[in-house]
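Asks: Quick one, entry_4.pdb (PDB, C-alpha atoms):
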```pdb
ATOM      1  CA  SER S 152    -167.383 -91.781 100.612  1.00  0.00           C
ATOM      2  CA  PRO S 153    -165.530 -93.150  97.569  1.00  0.00           C
ATOM      3  CA  GLU S 154    -164.467 -90.671  94.909  1.00  0.00           C
ATOM      4  CA  SER S 155    -165.818 -87.648  96.755  1.00  0.00           C
ATOM      5  CA  ALA S 156    -162.833 -85.262  96.935  1.00  0.00           C
ATOM      6  CA  ASP S 157    -160.848 -83.294  94.376  1.00  0.00           C
ATOM      7  CA  VAL S 158    -157.905 -82.556  96.687  1.00  0.00           C
ATOM      8  CA  ALA S 159    -156.652 -84.007  99.963  1.00  0.00           C
ATOM      9  CA  CYS S 160    -153.962 -82.051 101.801  1.00  0.00           C
ATOM     10  CA  CYS S 161    -151.647 -82.877 104.708  1.00  0.00           C
ATOM     11  CA  ILE S 162    -149.653 -79.893 105.980  1.00  0.00           C
ATOM     12  CA  ALA S 163    -146.746 -80.324 108.427  1.00  0.00           C
ATOM     13  CA  THR S 164    -148.173 -83.528 109.911  1.00  0.00           C
ATOM     14  CA  TRP S 165    -146.525 -86.369 107.952  1.00  0.00           C
ATOM     15  CA  HIS S 166    -143.442 -86.130 110.182  1.00  0.00           C
ATOM     16  CA  GLU S 167    -145.653 -86.287 113.313  1.00  0.00           C
ATOM     17  CA  THR S 168    -147.260 -89.560 112.262  1.00  0.00           C
ATOM     18  CA  ARG S 169    -144.141 -90.961 110.579  1.00  0.00           C
ATOM     19  CA  GLY S 170    -146.327 -91.459 107.517  1.00  0.00           C
ATOM     20  CA  LYS S 171    -148.853 -93.749 109.155  1.00  0.00           C
ATOM     21  CA  PHE S 172    -151.747 -92.749 106.925  1.00  0.00           C
ATOM     22  CA  ASP S 173    -154.311 -94.923 105.178  1.00  0.00           C
ATOM     23  CA  LEU S 174    -152.857 -94.278 101.733  1.00  0.00           C
ATOM     24  CA  PRO S 175    -155.132 -96.794  99.929  1.00  0.00           C
ATOM     25  CA  GLY S 176    -158.100 -95.132 101.652  1.00  0.00           C
ATOM     26  CA  LEU S 177    -156.851 -91.697 100.634  1.00  0.00           C
ATOM     27  CA  ALA S 178    -156.588 -92.800  97.008  1.00  0.00           C
ATOM     28  CA  ARG S 179    -160.133 -94.235  97.166  1.00  0.00           C
ATOM     29  CA  ILE S 180    -161.768 -90.989  98.341  1.00  0.00           C
ATOM     30  CA  LEU S 181    -160.220 -88.976  95.516  1.00  0.00           C
ATOM     31  CA  ARG S 182    -162.079 -88.545  92.258  1.00  0.00           C
ATOM     32  CA  PRO S 183    -160.305 -89.465  89.016  1.00  0.00           C
ATOM     33  CA  HIS S 184    -157.626 -86.855  88.204  1.00  0.00           C
ATOM     34  CA  ALA S 185    -157.705 -85.535  91.796  1.00  0.00           C
ATOM     35  CA  ARG S 186    -154.578 -84.792  93.839  1.00  0.00           C
ATOM     36  CA  GLY S 187    -153.145 -85.614  97.217  1.00  0.00           C
ATOM     37  CA  VAL S 188    -150.762 -82.929  98.511  1.00  0.00           C
ATOM     38  CA  ILE S 189    -148.237 -83.427 101.317  1.00  0.00           C
ATOM     39  CA  ILE S 190    -146.372 -80.367 102.638  1.00  0.00           C
ATOM     40  CA  ASP S 191    -143.812 -80.876 105.362  1.00  0.00           C
ATOM     41  CA  TRP S 192    -140.463 -79.768 106.769  1.00  0.00           C
ATOM     42  CA  ARG S 193    -137.323 -80.275 104.699  1.00  0.00           C
ATOM     43  CA  ARG S 194    -134.580 -82.447 106.140  1.00  0.00           C
ATOM     44  CA  ASP S 195    -131.747 -80.430 104.589  1.00  0.00           C
ATOM     45  CA  PRO S 196    -129.342 -78.912 107.172  1.00  0.00           C
ATOM     46  CA  GLU S 197    -129.998 -75.388 105.863  1.00  0.00           C
ATOM     47  CA  SER S 198    -133.679 -75.797 106.860  1.00  0.00           C
ATOM     48  CA  TRP S 199    -133.084 -76.671 110.534  1.00  0.00           C
ATOM     49  CA  GLU S 200    -133.421 -73.052 111.686  1.00  0.00           C
ATOM     50  CA  SER S 201    -137.202 -73.553 111.998  1.00  0.00           C
ATOM     51  CA  GLY S 202    -139.489 -76.497 112.598  1.00  0.00           C
ATOM     52  CA  PRO S 203    -139.111 -79.880 114.268  1.00  0.00           C
ATOM     53  CA  PRO S 204    -135.757 -81.500 115.085  1.00  0.00           C
ATOM     54  CA  GLU S 205    -133.819 -83.132 112.238  1.00  0.00           C
ATOM     55  CA  ASN S 206    -134.534 -86.683 113.422  1.00  0.00           C
ATOM     56  CA  ALA S 207    -138.305 -86.085 113.118  1.00  0.00           C
ATOM     57  CA  ARG S 208    -138.085 -84.997 109.480  1.00  0.00           C
ATOM     58  CA  ILE S 209    -138.287 -87.065 106.305  1.00  0.00           C
ATOM     59  CA  HIS S 210    -136.977 -86.524 102.770  1.00  0.00           C
ATOM     60  CA  LYS S 211    -139.528 -85.607 100.118  1.00  0.00           C
ATOM     61  CA  GLU S 212    -138.354 -88.544  97.990  1.00  0.00           C
ATOM     62  CA  GLU S 213    -139.333 -90.970 100.778  1.00  0.00           C
ATOM     63  CA  ILE S 214    -142.871 -89.592 100.786  1.00  0.00           C
ATOM     64  CA  ALA S 215    -143.101 -89.769  96.988  1.00  0.00           C
ATOM     65  CA  THR S 216    -141.980 -93.405  97.165  1.00  0.00           C
ATOM     66  CA  ALA S 217    -144.651 -94.195  99.795  1.00  0.00           C
ATOM     67  CA  LEU S 218    -147.361 -92.624  97.605  1.00  0.00           C
ATOM     68  CA  ARG S 219    -146.400 -94.285  94.288  1.00  0.00           C
ATOM     69  CA  PRO S 220    -148.115 -97.656  94.904  1.00  0.00           C
ATOM     70  CA  HIS S 221    -151.427 -95.844  95.422  1.00  0.00           C
ATOM     71  CA  PHE S 222    -151.255 -93.045  92.855  1.00  0.00           C
ATOM     72  CA  SER S 223    -150.492 -92.868  89.143  1.00  0.00           C
ATOM     73  CA  ARG S 224    -147.734 -90.260  89.391  1.00  0.00           C
ATOM     74  CA  THR S 225    -145.973 -88.040  91.901  1.00  0.00           C
ATOM     75  CA  TRP S 226    -144.042 -84.788  91.829  1.00  0.00           C
ATOM     76  CA  ALA S 227    -141.813 -83.355  94.603  1.00  0.00           C
ATOM     77  CA  GLU S 228    -140.277 -79.902  94.990  1.00  0.00           C
ATOM     78  CA  ASN S 229    -138.820 -77.688  97.705  1.00  0.00           C
ATOM     79  CA  LEU S 230    -140.936 -74.749  98.871  1.00  0.00           C
ATOM     80  CA  GLY S 231    -138.558 -72.057 100.060  1.00  0.00           C
ATOM     81  CA  ARG S 232    -135.915 -72.747 102.731  1.00  0.00           C
ATOM     82  CA  PHE S 233    -137.966 -74.816 105.159  1.00  0.00           C
ATOM     83  CA  MET S 234    -140.713 -76.850 103.488  1.00  0.00           C
ATOM     84  CA  PHE S 235    -141.326 -79.163 100.525  1.00  0.00           C
ATOM     85  CA  ALA S 236    -144.403 -80.365  98.666  1.00  0.00           C
ATOM     86  CA  VAL S 237    -145.192 -83.774  97.232  1.00  0.00           C
ATOM     87  CA  VAL S 238    -148.178 -83.977  94.909  1.00  0.00           C
ATOM     88  CA  ALA S 239    -149.710 -87.316  93.908  1.00  0.00           C
ATOM     89  CA  TRP S 240    -152.311 -87.711  91.159  1.00  0.00           C
ATOM     90  CA  ARG S 241    -154.999 -90.325  90.987  1.00  0.00           C
ATOM     91  CA  GLU S 242    -155.639 -91.002  87.331  1.00  0.00           C
ATOM     92  CA  ASP S 243    -158.886 -92.312  85.888  1.00  0.00           C
ATOM     93  CA  LYS S 244    -159.218 -96.055  86.458  1.00  0.00           C
TER      94      LYS S 244
END
```
Here is a file; write its structure as structure tokens.
Replies:
Amino acid sequence: SPESADVACCIATWHETRGKFDLPGLARILRPHARGVIIDWRRDPESWESGPPENARIHKEEIATALRPHFSRTWAENLGRFMFAVVAWREDK
């Protein structure tokens, strides 16, 4: 239902779906000041030791760009050698 969640999280699945998520729907279910969190595999060559093949991966900046039309702000950072996180905030309307 609308505005019913404080956090929505997608872990190591964005690359599987190639980002085909209902991003407007995701933004709608989040309460004001809630967060959407995407964690997935880095595309940097030094991260290829583990995880899916390079051609299945996406850069964190591409995910942040996809989220920006639906969220007020985004933040992206590497998590260790293999993963990254993108956090998107839904601000009060």
Asks: Need the neighbours of (-139.9, -89.8, 100.4): which residues are at most 12 Å away, counting all atoms listed in the file, as a PyMOL selection string?
Replies: chain S and resi 165-166+169-170+189-194+208-219+225-228+235-238
Asks: Quick one: of S:Lys171, S:Arg241, S:Phe233, S:Pro196, who's nearest to Glu154 in chain S, counting only C-alpha atoms?
Replies: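 Closest residue, counting only C-alpha atoms: S:Arg241.
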Asks: Go ahead and compute the interatomic distance for CA of Pro175 in chain S and CA of Ala163 in chain S, in Å to one decimal.
Replies: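 Calculated distance between CA of Pro175 in chain S and CA of Ala163 in chain S is 20.3 Å.
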Asks: Report as a count of residues only all protein, DNA and RNA residues lying within 9 Å of Leu177 in chain S, evaluated on all atoms listed in the file, omitting residues in the same chain fewer than 5 positions from it.
Replies: 4
Asks: So how far away is CA of Ser155 in chain S from CA of Thr168 in chain S, in Å?
Replies: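 Interatomic distance, CA of Thr168 in chain S to CA of Ser155 in chain S: 24.3 Å.
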Asks: Rounded to one decimal, what separation in Å do you get between CA of Ser201 in chain S and CA of Trp240 in chain S?
Replies: 29.4 Å
Asks: Would you kindly translate the PyMOL selection byres ((chain S and resi 232) around 8) into the concrete residues it picks from this file, as a PDB file with C-alpha atoms, in the coordinates of the input?
Replies:
```
ATOM      1  CA  ARG S 193    -137.323 -80.275 104.699  1.00  0.00           C
ATOM      2  CA  GLU S 197    -129.998 -75.388 105.863  1.00  0.00           C
ATOM      3  CA  SER S 198    -133.679 -75.797 106.860  1.00  0.00           C
ATOM      4  CA  ASN S 229    -138.820 -77.688  97.705  1.00  0.00           C
ATOM      5  CA  LEU S 230    -140.936 -74.749  98.871  1.00  0.00           C
ATOM      6  CA  GLY S 231    -138.558 -72.057 100.060  1.00  0.00           C
ATOM      7  CA  PHE S 233    -137.966 -74.816 105.159  1.00  0.00           C
ATOM      8  CA  MET S 234    -140.713 -76.850 103.488  1.00  0.00           C
TER       9      MET S 234
END
```
Asks: So, with all atoms listed in the file as the atoms that count, which of S:Glu242, S:Glu167, S:Ile162, S:Ala185 lies closest to Pro203 in chain S?
Replies: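 Counting all atoms listed in the file, the residue closest to Pro203 in chain S is S:Glu167.
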Asks: Can you work out which one of S:Arg186, S:Phe222, S:Glu200, S:Asp195 has the shortest atom-to-atom distance to Val158 in chain S, counting only C-alpha atoms?
Replies: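 Nearest to Val158 in chain S: S:Arg186.
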Asks: May I ask which of the residues S:Cys161, S:Ala239, S:Ala207, S:Ala156 is the closest one to Arg179 in chain S, counting all atoms listed in the file?
Replies: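 Selected residue with least distance to Arg179 in chain S: S:Ala156.
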Asks: When you get a chance, write out all heavy atoms for range 201-212 of chain S, as an mmCIF file, keeping the file's coordinate frame.
Replies:
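Ended up saving to selection_34.cif:
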```
data_model
loop_
_atom_site.group_PDB
_atom_site.id
_atom_site.type_symbol
_atom_site.label_atom_id
_atom_site.label_comp_id
_atom_site.auth_asym_id
_atom_site.auth_seq_id
_atom_site.Cartn_x
_atom_site.Cartn_y
_atom_site.Cartn_z
ATOM 1 N N SER S 201 -135.801 -73.552 111.560
ATOM 2 C CA SER S 201 -137.202 -73.553 111.998
ATOM 3 C C SER S 201 -137.753 -74.964 111.915
ATOM 4 O O SER S 201 -137.254 -75.786 111.159
ATOM 5 C CB SER S 201 -138.055 -72.656 111.097
ATOM 6 O OG SER S 201 -137.735 -71.320 111.292
ATOM 7 N N GLY S 202 -138.792 -75.221 112.698
ATOM 8 C CA GLY S 202 -139.489 -76.497 112.598
ATOM 9 C C GLY S 202 -139.016 -77.538 113.583
ATOM 10 O O GLY S 202 -138.283 -77.244 114.523
ATOM 11 N N PRO S 203 -139.438 -78.783 113.351
ATOM 12 C CA PRO S 203 -139.111 -79.880 114.268
ATOM 13 C C PRO S 203 -137.637 -80.266 114.179
ATOM 14 O O PRO S 203 -136.942 -79.868 113.239
ATOM 15 C CB PRO S 203 -140.007 -81.018 113.775
ATOM 16 C CG PRO S 203 -140.197 -80.743 112.326
ATOM 17 C CD PRO S 203 -140.233 -79.244 112.211
ATOM 18 N N PRO S 204 -137.153 -81.062 115.133
ATOM 19 C CA PRO S 204 -135.757 -81.500 115.085
ATOM 20 C C PRO S 204 -135.486 -82.357 113.847
ATOM 21 O O PRO S 204 -136.402 -82.974 113.286
ATOM 22 C CB PRO S 204 -135.572 -82.311 116.369
ATOM 23 C CG PRO S 204 -136.935 -82.620 116.856
ATOM 24 C CD PRO S 204 -137.865 -81.609 116.278
ATOM 25 N N GLU S 205 -134.228 -82.416 113.453
ATOM 26 C CA GLU S 205 -133.819 -83.132 112.238
ATOM 27 C C GLU S 205 -134.280 -84.588 112.251
ATOM 28 O O GLU S 205 -134.728 -85.105 111.235
ATOM 29 C CB GLU S 205 -132.299 -83.032 112.092
ATOM 30 C CG GLU S 205 -131.753 -83.659 110.825
ATOM 31 C CD GLU S 205 -131.369 -85.124 110.980
ATOM 32 O OE1 GLU S 205 -131.082 -85.554 112.098
ATOM 33 O OE2 GLU S 205 -131.386 -85.832 109.960
ATOM 34 N N ASN S 206 -134.191 -85.256 113.383
ATOM 35 C CA ASN S 206 -134.534 -86.683 113.422
ATOM 36 C C ASN S 206 -136.031 -86.946 113.273
ATOM 37 O O ASN S 206 -136.438 -88.089 113.082
ATOM 38 C CB ASN S 206 -133.991 -87.346 114.684
ATOM 39 C CG ASN S 206 -134.626 -86.811 115.948
ATOM 40 O OD1 ASN S 206 -135.324 -85.799 115.927
ATOM 41 N ND2 ASN S 206 -134.367 -87.481 117.047
ATOM 42 N N ALA S 207 -136.860 -85.921 113.328
ATOM 43 C CA ALA S 207 -138.305 -86.085 113.118
ATOM 44 C C ALA S 207 -138.692 -85.841 111.664
ATOM 45 O O ALA S 207 -139.827 -86.103 111.277
ATOM 46 C CB ALA S 207 -139.071 -85.133 114.029
ATOM 47 N N ARG S 208 -137.779 -85.371 110.865
ATOM 48 C CA ARG S 208 -138.085 -84.997 109.480
ATOM 49 C C ARG S 208 -137.859 -86.166 108.531
ATOM 50 O O ARG S 208 -137.197 -87.132 108.871
ATOM 51 C CB ARG S 208 -137.217 -83.813 109.062
ATOM 52 C CG ARG S 208 -137.468 -82.592 109.912
ATOM 53 C CD ARG S 208 -136.499 -81.501 109.563
ATOM 54 N NE ARG S 208 -136.633 -80.373 110.464
ATOM 55 C CZ ARG S 208 -136.626 -79.116 110.077
ATOM 56 N NH1 ARG S 208 -136.473 -78.816 108.810
ATOM 57 N NH2 ARG S 208 -136.753 -78.157 110.956
ATOM 58 N N ILE S 209 -138.414 -86.030 107.328
ATOM 59 C CA ILE S 209 -138.287 -87.065 106.305
ATOM 60 C C ILE S 209 -137.967 -86.384 104.973
ATOM 61 O O ILE S 209 -138.334 -85.225 104.769
ATOM 62 C CB ILE S 209 -139.572 -87.911 106.226
ATOM 63 C CG1 ILE S 209 -139.393 -89.129 105.344
ATOM 64 C CG2 ILE S 209 -140.752 -87.076 105.791
ATOM 65 C CD1 ILE S 209 -140.510 -90.149 105.488
ATOM 66 N N HIS S 210 -137.277 -87.075 104.093
ATOM 67 C CA HIS S 210 -136.977 -86.524 102.770
ATOM 68 C C HIS S 210 -138.204 -86.616 101.873
ATOM 69 O O HIS S 210 -138.959 -87.584 101.938
ATOM 70 C CB HIS S 210 -135.819 -87.286 102.120
ATOM 71 C CG HIS S 210 -134.512 -87.073 102.804
ATOM 72 N ND1 HIS S 210 -133.794 -85.909 102.688
ATOM 73 C CD2 HIS S 210 -133.808 -87.870 103.627
ATOM 74 C CE1 HIS S 210 -132.691 -86.004 103.404
ATOM 75 N NE2 HIS S 210 -132.679 -87.182 103.991
ATOM 76 N N LYS S 211 -138.374 -85.637 101.029
ATOM 77 C CA LYS S 211 -139.528 -85.607 100.118
ATOM 78 C C LYS S 211 -139.564 -86.841 99.227
ATOM 79 O O LYS S 211 -140.634 -87.356 98.902
ATOM 80 C CB LYS S 211 -139.553 -84.319 99.304
ATOM 81 C CG LYS S 211 -138.381 -84.126 98.374
ATOM 82 C CD LYS S 211 -138.445 -82.763 97.678
ATOM 83 C CE LYS S 211 -137.249 -82.533 96.791
ATOM 84 N NZ LYS S 211 -136.146 -81.873 97.452
ATOM 85 N N GLU S 212 -138.403 -87.362 98.846
ATOM 86 C CA GLU S 212 -138.354 -88.544 97.990
ATOM 87 C C GLU S 212 -138.932 -89.770 98.702
ATOM 88 O O GLU S 212 -139.527 -90.636 98.062
ATOM 89 C CB GLU S 212 -136.916 -88.825 97.545
ATOM 90 C CG GLU S 212 -136.358 -87.764 96.607
ATOM 91 C CD GLU S 212 -135.784 -86.534 97.340
ATOM 92 O OE1 GLU S 212 -135.689 -86.535 98.587
ATOM 93 O OE2 GLU S 212 -135.460 -85.563 96.640
#
```
